[in-house]
Structure formats: C-alpha cells, structure tokens
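Participant: Let me give you the structure first, and then I'll get to my questions.
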Amino acid sequence: MNRPSLRHLTRALTAIASLLALQFAHAADGITVVTEELPPYNMTVDGKLTGMGTEVVEAVLAEVGEQARIQSMPWARAYDIALNSENVLIYSIARTPQREALFKWVGVIAPTRWSLFSLPGTQFDLKSLDDARQYQIATVKEDVGEQYLIDKGFAVGRNLQSSNKYEHNYEKLKAGRVDLWISNELNAHYLVRQASGNPHENAVSQLNLDDLGGADGLCMAFSRNTPDEVVERFREGLARLRADGRYDVIAARWLE
C-alpha cells in the first residue's frame with residue numbers, strides 16, 4: 001500500500017488549517033446579540049425569546065440581512081460582554097450620560113418610564129428621592145436604575161438590595177424584604193399582573209424618576225469596537241422599520 005508523502009500530508013494539513021481559519025474568521029466577523037429577562041421587552045416564554053424589544057431587534061436583523069442568535073443572560077453579564085467584546089449588540093439598554101461614550105448607539109426600540117414602585121395597597125409619602133433613603137430598595141445589578149441610585153448616594157448593602165433578575169425584586173417586595181422597587185413602568189405592571197392574574201392591576205408608583213436618563217426609551221447599542229459601517233447599517237435598518245410602519249405594528253402588540 002502506498003503511504004502518503006510528507007509533502008501530501010503537509011498540503012492536506014495546510015488546507016484544513018486554511019478552512020478552519022476561514023470558518024473562524026467568519027464566526028469572529030459575525031454579530032453576537034445579548035439581552036436579559038426584562039418582560040415585556042425581552043423574555044423567554046415556552047423556551048422562545050420574545051417581547052417588544054426582541055421583536056424589533058429581530059426585524060432589524062432581518063432588514064439588514066444579518067443572522068445572529070440572541071442570547072439571554074443576567075444583565076450584569078450581558079453588560080460586561082458588550083463593554084469588553086467586539087461586534088456585540090445589546091438591548092434593551094437605557095441611554096444615559098454615564099453610558100454615552102461606552103457604546104455605539106443604534107436607536108430607541110421601546111418606550112420606558114422609571115419610578116420607585118411599591119405593592120398595591122401600600123402608600124409612601126415620598127416628596128423627593130431623599131425621602132426614600134430610609135427605605136430598603138430592590139435593584140438589578142448594573143442596570144440603569146441601580147446605577148442611578150448609586151450615583152445619587154445610595155449604596156448596595158445599606159439601602160439597596162441588588163438581584164440578578166427583576167422577578168427576584170418583585171418577590172422580595174411581596175415577601176416584605178424590601179419596601180420599594182426601582183423599575184420601569186411596563187416591567188413593573190407586567191410582573192404585578194402576572195403574579196396576581198389580574199390584567200388590570202398595576203404596580204403603585206410612589207415617585208416618578210423623570211430625571212433618570214433614557215427617558216426617550218430603551219435602545220439597542222453596539223460595543224465600542226464594532227465597525228462604524230456595521231452600526232450605521234443597523235441605524236438605517238431601524239429607521240426604515242419606523243418609516244414604513246413596521247415598528248408601529250410591533251409596538252401595538254405590546255403596548256395596548
């Protein structure tokens with residue numbers, strides 16, 4: 001039996017290495033999309049990721065001809081990946097002055113309004129944020145609400161209790177482990193209604209936080225070391241969705 005020569009083996013190994021390099025380069029050039037469980041913006045239902053933000057992002061991906069698997073994980077992890085990796089798209093993220101230079105922003109994908117909430121049937125006499133310093137407040141690690149309160153002099157372990165998920169915070173509120181909960185309006189109402197089974201029940205806003213950044217809405221954004229042409233392609237794709245009414249169709253399904 002003839003054995004392959006060293007030259008033939010070298011050529012074969014070189015061909016395999018080249019093929020693997022091409023596949024790796026293609027994977028490296030691809031986009032990674034990360035998010036968190038933030039119903040009704042992004043959430044896993046029956047094993048499928050859905051929500052208003054997710055639907056908008058999926059529509060933009062289709063519009064620009066990009067295929068990418070969306071990965072849901074705790075916010076702190078998603079945020080860290082988007083800060084430190086290449087070609088990462090993160091949503092639904094609030095655009096604040098502190099975050100402005102950390103990401104390349106695509107645009108707003110969903111409305112939001114932030115407040116300090118309490119359980120239905122409870123009432124606090126909060127005239128300002130200073131009045132809330134005496135209470136225990138539930139936050140999500142590294143999210144914009146926690147960052148906002150820390151910037152205002154609150155501290156985890158003193159008057160903030162940090163969790164990985166918004167659902168955990170509502171559970172803390174129901175169990176009496178915290179007094180208040182910082183959240184955006186859609187998320188707070190959604191979790192209260194899911195827990196109560198009453199589609200008309202709302203979380204109780206005790207103090208509107210209109211000075212919390214990102215008042216225009218939650219966004220999609222890229223990591224800083226994503227090529228500008230990629231970011232611009234997504235900006236244009238989102239603009240086309242808004243211009244031709246497809247965005248409004250998605251929003252209507254979630255904001256009724």
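The chains in the structure tokens are called A, B, ... from first to last as shown; in each chain the residues are counted from 1, and the ligands are counted from 1 in the order shown.
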Would you mind listing what lies within 12 Å of region 199-201 of chain A as a PyMOL selection string, with only C-alpha atoms counted and same-chain residues fewer than 3 positions away left out?

Facilitator: chain A and resi 119-121+188-196+204+256

Participant: The selected residues should be written to file as a compact mmCIF listing (two decimals), in the first residue's frame (atoms: all heavy atoms).

Facilitator:
```txt
# COMPACT_ATOMS: atom_id res chain seq x y z
N LEU A 119 -45.95 47.80 46.52
CA LEU A 119 -47.05 46.85 46.30
C LEU A 119 -48.39 47.58 46.22
O LEU A 119 -48.57 48.63 46.85
CB LEU A 119 -47.11 45.85 47.45
CG LEU A 119 -46.07 44.74 47.48
CD1 LEU A 119 -46.24 43.91 48.75
CD2 LEU A 119 -46.19 43.85 46.25
N PRO A 120 -49.34 47.03 45.47
CA PRO A 120 -50.70 47.58 45.51
C PRO A 120 -51.21 47.58 46.95
O PRO A 120 -50.96 46.65 47.73
CB PRO A 120 -51.50 46.60 44.65
CG PRO A 120 -50.49 46.02 43.71
CD PRO A 120 -49.22 45.92 44.50
N GLY A 121 -51.91 48.66 47.32
CA GLY A 121 -52.45 48.76 48.67
C GLY A 121 -51.51 49.40 49.67
O GLY A 121 -51.86 49.55 50.85
N ALA A 188 -42.75 46.72 35.60
CA ALA A 188 -43.40 46.63 36.91
C ALA A 188 -44.85 46.17 36.79
O ALA A 188 -45.29 45.26 37.49
CB ALA A 188 -43.33 47.98 37.62
N HIS A 189 -45.61 46.79 35.90
CA HIS A 189 -47.01 46.42 35.73
C HIS A 189 -47.14 44.98 35.23
O HIS A 189 -48.02 44.23 35.67
CB HIS A 189 -47.70 47.38 34.76
CG HIS A 189 -47.79 48.79 35.27
ND1 HIS A 189 -47.76 49.10 36.61
CD2 HIS A 189 -47.94 49.97 34.61
CE1 HIS A 189 -47.87 50.41 36.76
NE2 HIS A 189 -47.97 50.95 35.56
N TYR A 190 -46.27 44.60 34.32
CA TYR A 190 -46.32 43.24 33.77
C TYR A 190 -46.13 42.20 34.88
O TYR A 190 -46.89 41.22 34.96
CB TYR A 190 -45.24 43.06 32.70
CG TYR A 190 -45.21 41.68 32.08
CD1 TYR A 190 -45.98 41.38 30.95
CD2 TYR A 190 -44.42 40.67 32.62
CE1 TYR A 190 -45.96 40.12 30.39
CE2 TYR A 190 -44.40 39.40 32.06
CZ TYR A 190 -45.16 39.14 30.95
OH TYR A 190 -45.15 37.87 30.40
N LEU A 191 -45.13 42.39 35.72
CA LEU A 191 -44.85 41.40 36.76
C LEU A 191 -45.97 41.34 37.80
O LEU A 191 -46.33 40.27 38.29
CB LEU A 191 -43.52 41.71 37.44
CG LEU A 191 -42.28 41.50 36.56
CD1 LEU A 191 -41.02 41.89 37.30
CD2 LEU A 191 -42.18 40.04 36.10
N VAL A 192 -46.55 42.49 38.14
CA VAL A 192 -47.67 42.51 39.09
C VAL A 192 -48.87 41.77 38.50
O VAL A 192 -49.52 40.97 39.18
CB VAL A 192 -48.05 43.97 39.44
CG1 VAL A 192 -49.38 44.02 40.18
CG2 VAL A 192 -46.96 44.60 40.30
N ARG A 193 -49.16 42.01 37.24
CA ARG A 193 -50.32 41.36 36.61
C ARG A 193 -50.10 39.86 36.46
O ARG A 193 -51.03 39.07 36.65
CB ARG A 193 -50.57 42.00 35.25
CG ARG A 193 -51.08 43.43 35.35
CD ARG A 193 -51.01 44.16 34.02
NE ARG A 193 -51.40 45.56 34.17
CZ ARG A 193 -51.25 46.47 33.22
NH1 ARG A 193 -50.73 46.14 32.05
NH2 ARG A 193 -51.61 47.72 33.45
N GLN A 194 -48.88 39.45 36.13
CA GLN A 194 -48.59 38.03 36.01
C GLN A 194 -48.75 37.32 37.36
O GLN A 194 -49.25 36.19 37.43
CB GLN A 194 -47.15 37.83 35.51
CG GLN A 194 -46.95 38.16 34.04
CD GLN A 194 -47.67 37.19 33.12
OE1 GLN A 194 -48.68 37.54 32.50
NE2 GLN A 194 -47.18 35.99 33.03
N ALA A 195 -48.33 37.98 38.42
CA ALA A 195 -48.41 37.37 39.75
C ALA A 195 -49.83 37.32 40.28
O ALA A 195 -50.23 36.36 40.93
CB ALA A 195 -47.52 38.15 40.73
N SER A 196 -50.62 38.35 39.98
CA SER A 196 -51.97 38.44 40.52
C SER A 196 -53.00 37.75 39.64
O SER A 196 -54.09 37.38 40.11
CB SER A 196 -52.38 39.90 40.71
OG SER A 196 -52.54 40.54 39.45
N VAL A 204 -47.73 50.22 42.09
CA VAL A 204 -48.05 51.57 42.56
C VAL A 204 -46.80 52.43 42.51
O VAL A 204 -45.80 52.15 43.20
CB VAL A 204 -48.61 51.53 44.00
CG1 VAL A 204 -48.92 52.95 44.47
CG2 VAL A 204 -49.85 50.65 44.06
N GLU A 256 -50.80 47.79 23.98
CA GLU A 256 -52.25 48.00 24.06
C GLU A 256 -52.70 48.07 25.52
O GLU A 256 -52.18 47.37 26.37
CB GLU A 256 -52.97 46.86 23.36
CG GLU A 256 -52.79 46.86 21.85
CD GLU A 256 -53.50 45.69 21.19
OE1 GLU A 256 -53.86 44.72 21.93
OE2 GLU A 256 -53.67 45.72 19.97
```

Participant: Enumerate the residues of region 169-218 of chain A with a DSSP assignment of alpha helix (DSSP H), computed from the backbone, and present them as JSON, numbers by chain.

Facilitator: {"A": [169, 170, 171, 172, 173, 174, 175, 185, 186, 187, 188, 189, 190, 191, 192, 193, 194, 195, 196]}

Participant: Which residues are near Ala68 (chain A)? Cut-off 10 Å, only C-alpha atoms, ignore same chain within fewer than 3 positions. Put them as a ChimeraX atom specification.

Facilitator: /A:30-33,58,61-62,65,71,89

Participant: Write the residues of the preceding selection, restricted to C-alpha atoms, as a PDB file, in the first residue's frame.

Facilitator:
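Resulting contents of result_19.pdb:
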```
ATOM      1  CA  GLY A  30     -20.391  37.787  12.987  1.00  0.00           C
ATOM      2  CA  ILE A  31     -22.523  39.687  15.461  1.00  0.00           C
ATOM      3  CA  THR A  32     -23.233  38.494  18.971  1.00  0.00           C
ATOM      4  CA  VAL A  33     -26.570  39.676  20.377  1.00  0.00           C
ATOM      5  CA  GLU A  58     -35.246  40.550  15.077  1.00  0.00           C
ATOM      6  CA  LEU A  61     -31.608  41.879  11.825  1.00  0.00           C
ATOM      7  CA  ALA A  62     -33.834  40.635   9.005  1.00  0.00           C
ATOM      8  CA  GLY A  65     -29.696  40.699   6.218  1.00  0.00           C
ATOM      9  CA  GLN A  71     -28.567  35.080  23.990  1.00  0.00           C
ATOM     10  CA  LEU A  89     -25.243  44.149  20.063  1.00  0.00           C
TER      11      LEU A  89
END
```

Participant: Which polymer residues have any atom within 10 Å of an atom of Asp216 (chain A), counting only C-alpha atoms, with same-chain residues fewer than 6 positions away left out, as a PyMOL selection string?

Facilitator: chain A and resi 94-95+107-113

Participant: Those same residues - N, CA and C atoms - I'd like them written as an mmCIF file, in the first residue's frame.

Facilitator:
```cif
data_model
loop_
_atom_site.group_PDB
_atom_site.id
_atom_site.type_symbol
_atom_site.label_atom_id
_atom_site.label_comp_id
_atom_site.auth_asym_id
_atom_site.auth_seq_id
_atom_site.Cartn_x
_atom_site.Cartn_y
_atom_site.Cartn_z
ATOM 1 N N ALA A 94 -30.833 51.383 28.454
ATOM 2 C CA ALA A 94 -31.123 52.809 28.598
ATOM 3 C C ALA A 94 -29.882 53.619 28.232
ATOM 4 N N ARG A 95 -30.104 54.692 27.513
ATOM 5 C CA ARG A 95 -29.013 55.582 27.097
ATOM 6 C C ARG A 95 -28.897 56.725 28.095
ATOM 7 N N GLY A 107 -30.377 53.123 18.289
ATOM 8 C CA GLY A 107 -31.603 53.898 18.396
ATOM 9 C C GLY A 107 -32.580 53.293 19.389
ATOM 10 N N VAL A 108 -33.668 54.006 19.611
ATOM 11 C CA VAL A 108 -34.701 53.605 20.573
ATOM 12 C C VAL A 108 -35.563 52.501 19.974
ATOM 13 N N ILE A 109 -35.824 51.458 20.777
ATOM 14 C CA ILE A 109 -36.668 50.355 20.291
ATOM 15 C C ILE A 109 -37.940 50.188 21.111
ATOM 16 N N ALA A 110 -38.047 50.868 22.281
ATOM 17 C CA ALA A 110 -39.252 50.719 23.102
ATOM 18 C C ALA A 110 -39.332 51.865 24.107
ATOM 19 N N PRO A 111 -40.549 52.285 24.464
ATOM 20 C CA PRO A 111 -40.701 53.374 25.436
ATOM 21 C C PRO A 111 -40.413 52.891 26.853
ATOM 22 N N THR A 112 -40.073 53.829 27.720
ATOM 23 C CA THR A 112 -39.848 53.475 29.118
ATOM 24 C C THR A 112 -40.059 54.694 30.007
ATOM 25 N N ARG A 113 -40.434 54.426 31.253
ATOM 26 C CA ARG A 113 -40.538 55.481 32.264
ATOM 27 C C ARG A 113 -40.222 54.846 33.608
#
```

Participant: One decimal, in Å: what's the spacing between CA of Ile137 (chain A) and CA of Gly176 (chain A)?

Facilitator: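 Between these atoms lies a distance of 11.0 Å.
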
Participant: Calculated over only C-alpha atoms, which of the candidates A:Met73, A:Ala138, A:Leu207, A:Leu255 has the smallest distance to Tyr166 (chain A)?

Facilitator: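 For Tyr166 (chain A), the nearest of the given residues is A:Ala138.
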
Participant: Hey, what does DSSP flag as strand (DSSP E or B) within region 53-155 of chain A? Can you give it to me as a PyMOL selection string?

Facilitator: chain A and resi 70-72+88-94+103-110+114-118+137-140

Participant: Can you work out which one of A:Val34, A:Gly197, A:Leu238, A:Ser128 has the shortest atom-to-atom distance to Asn87 (chain A), counting only C-alpha atoms?

Facilitator: A:Val34

Participant: Residues within 8 Å of region 43-56 of chain A, please, as JSON, numbers by chain. Count only C-alpha atoms; anything in the same chain fewer than 2 positions from it doesn't count.

Facilitator: {"A": [36, 37, 38, 39, 40, 41, 58, 59, 60, 72, 91, 92, 109, 110, 247, 250, 251, 253, 254]}

Participant: Please produce a file of those selected residues containing C-alpha atoms, as a JSON list (two decimals), in the first residue's frame.

Facilitator:
```
[["chain", "number", "residue", "atom", "x", "y", "z"],
["A", 36, "GLU", "CA", -31.67, 39.92, 29.67],
["A", 37, "GLU", "CA", -35.03, 38.76, 31.01],
["A", 38, "LEU", "CA", -36.91, 42.06, 31.20],
["A", 39, "PRO", "CA", -40.58, 41.38, 30.48],
["A", 40, "PRO", "CA", -42.36, 42.52, 28.40],
["A", 41, "TYR", "CA", -39.37, 43.91, 26.48],
["A", 58, "GLU", "CA", -35.25, 40.55, 15.08],
["A", 59, "ALA", "CA", -36.95, 42.77, 12.49],
["A", 60, "VAL", "CA", -33.84, 44.95, 12.18],
["A", 72, "SER", "CA", -30.45, 35.91, 27.19],
["A", 91, "TYR", "CA", -30.66, 45.53, 24.08],
["A", 92, "SER", "CA", -32.89, 46.78, 25.76],
["A", 109, "ILE", "CA", -36.67, 50.36, 20.29],
["A", 110, "ALA", "CA", -39.25, 50.72, 23.10],
["A", 247, "TYR", "CA", -42.29, 49.36, 14.10],
["A", 250, "ILE", "CA", -44.88, 45.57, 16.64],
["A", 251, "ALA", "CA", -45.46, 48.25, 19.29],
["A", 253, "ARG", "CA", -49.00, 44.23, 20.01],
["A", 254, "TRP", "CA", -47.23, 45.06, 23.28]]
```

Participant: By how many Å are CA of Lys152 (chain A) and CA of Asp125 (chain A) apart?

Facilitator: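 Here the two named atoms are 19.3 Å from each other.
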
Participant: Could you give me, as a compact mmCIF listing (two decimals) with all heavy atoms, in the first residue's frame, the residues within 10 Å of Gln98 (chain A), counting only C-alpha atoms and dropping anything in the same chain fewer than 4 positions from it?

Facilitator:
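What follows is the written file result02.txt:
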```txt
# COMPACT_ATOMS: atom_id res chain seq x y z
N LEU A 102 -19.64 54.77 26.14
CA LEU A 102 -19.27 53.36 26.31
C LEU A 102 -19.77 52.47 25.18
O LEU A 102 -19.29 51.35 25.01
CB LEU A 102 -19.83 52.83 27.64
CG LEU A 102 -19.35 53.54 28.91
CD1 LEU A 102 -20.01 52.92 30.13
CD2 LEU A 102 -17.83 53.48 29.03
N VAL A 144 -29.63 50.33 34.83
CA VAL A 144 -29.61 51.78 34.89
C VAL A 144 -30.25 52.31 36.17
O VAL A 144 -29.83 53.34 36.69
CB VAL A 144 -30.31 52.38 33.65
CG1 VAL A 144 -31.80 52.07 33.64
CG2 VAL A 144 -30.08 53.87 33.56
N GLN A 147 -27.56 51.95 38.87
CA GLN A 147 -26.51 52.94 38.62
C GLN A 147 -26.98 54.34 38.98
O GLN A 147 -26.22 55.14 39.54
CB GLN A 147 -26.10 52.88 37.14
CG GLN A 147 -25.35 51.61 36.77
CD GLN A 147 -25.03 51.53 35.29
OE1 GLN A 147 -25.59 52.27 34.47
NE2 GLN A 147 -24.14 50.63 34.92
N TYR A 148 -28.22 54.62 38.69
CA TYR A 148 -28.80 55.94 39.01
C TYR A 148 -28.81 56.19 40.51
O TYR A 148 -28.38 57.25 40.98
CB TYR A 148 -30.22 56.00 38.44
CG TYR A 148 -31.05 57.18 38.89
CD1 TYR A 148 -30.95 58.41 38.27
CD2 TYR A 148 -31.97 57.03 39.93
CE1 TYR A 148 -31.74 59.49 38.67
CE2 TYR A 148 -32.75 58.10 40.34
CZ TYR A 148 -32.63 59.33 39.71
OH TYR A 148 -33.41 60.38 40.12
N ASP A 151 -25.36 56.61 41.98
CA ASP A 151 -24.87 57.95 41.64
C ASP A 151 -25.48 59.02 42.53
O ASP A 151 -24.88 60.08 42.75
CB ASP A 151 -25.18 58.24 40.17
CG ASP A 151 -24.55 59.53 39.69
OD1 ASP A 151 -23.31 59.64 39.76
OD2 ASP A 151 -25.28 60.45 39.24
N GLY A 213 -31.88 59.01 33.21
CA GLY A 213 -31.54 59.03 31.79
C GLY A 213 -32.27 57.96 31.01
O GLY A 213 -32.73 56.96 31.54
```

Participant: Which residue, A:Arg233, A:Asn169, A:Trp114, A:Leu126, has the smallest gap to Gly217 (chain A) when you use only C-alpha atoms?

Facilitator: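 Under the stated criterion, the closest residue is A:Trp114.
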
Participant: In Å, rounded to a single decimal, give me how far CA of Gly245 (chain A) is from CA of Ser183 (chain A).

Facilitator: 28.8 Å

Participant: Neighbours of Ala76 (chain A) within 7 Å (only C-alpha atoms; same-chain residues fewer than 4 positions away dropped), as a VMD selection string?

Facilitator: chain A and resid 80 141 to 142

Participant: I need the chosen residues saved as a PDB file, in the first residue's frame, with all heavy atoms.

Facilitator:
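The result, written out as again09.pdb:
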```
ATOM      1  N   ASP A  80     -21.310  43.385  30.709  1.00  0.00           N
ATOM      2  CA  ASP A  80     -19.858  43.203  30.701  1.00  0.00           C
ATOM      3  C   ASP A  80     -19.373  42.730  29.330  1.00  0.00           C
ATOM      4  O   ASP A  80     -18.348  43.197  28.830  1.00  0.00           O
ATOM      5  CB  ASP A  80     -19.457  42.197  31.779  1.00  0.00           C
ATOM      6  CG  ASP A  80     -17.950  42.011  31.861  1.00  0.00           C
ATOM      7  OD1 ASP A  80     -17.261  42.967  32.283  1.00  0.00           O
ATOM      8  OD2 ASP A  80     -17.457  40.930  31.504  1.00  0.00           O
ATOM      9  N   LYS A 141     -28.570  44.276  39.474  1.00  0.00           N
ATOM     10  CA  LYS A 141     -27.139  44.543  39.397  1.00  0.00           C
ATOM     11  C   LYS A 141     -26.743  45.145  38.056  1.00  0.00           C
ATOM     12  O   LYS A 141     -27.034  44.583  37.001  1.00  0.00           O
ATOM     13  CB  LYS A 141     -26.365  43.240  39.632  1.00  0.00           C
ATOM     14  CG  LYS A 141     -24.860  43.431  39.724  1.00  0.00           C
ATOM     15  CD  LYS A 141     -24.171  42.124  40.027  1.00  0.00           C
ATOM     16  CE  LYS A 141     -22.656  42.312  40.127  1.00  0.00           C
ATOM     17  NZ  LYS A 141     -21.975  41.021  40.396  1.00  0.00           N
ATOM     18  N   GLU A 142     -26.099  46.324  38.120  1.00  0.00           N
ATOM     19  CA  GLU A 142     -25.547  47.029  36.959  1.00  0.00           C
ATOM     20  C   GLU A 142     -26.589  47.591  36.003  1.00  0.00           C
ATOM     21  O   GLU A 142     -26.234  48.087  34.936  1.00  0.00           O
ATOM     22  CB  GLU A 142     -24.579  46.128  36.161  1.00  0.00           C
ATOM     23  CG  GLU A 142     -23.319  45.753  36.903  1.00  0.00           C
ATOM     24  CD  GLU A 142     -22.373  46.923  37.137  1.00  0.00           C
ATOM     25  OE1 GLU A 142     -22.599  48.002  36.561  1.00  0.00           O
ATOM     26  OE2 GLU A 142     -21.419  46.772  37.903  1.00  0.00           O
TER      27      GLU A 142
END
```

Participant: Which residue is closest to Leu212 (chain A)? Choose from A:Ala101, A:Leu116, A:Val178, A:Ala239 and count only C-alpha atoms.

Facilitator: A:Leu116

Participant: For a quick check of understanding, using only C-alpha atoms, which of A:Val64, A:Gln161, A:Gln206, A:Thr96 has the smallest distance to Glu229 (chain A)?

Facilitator: A:Val64
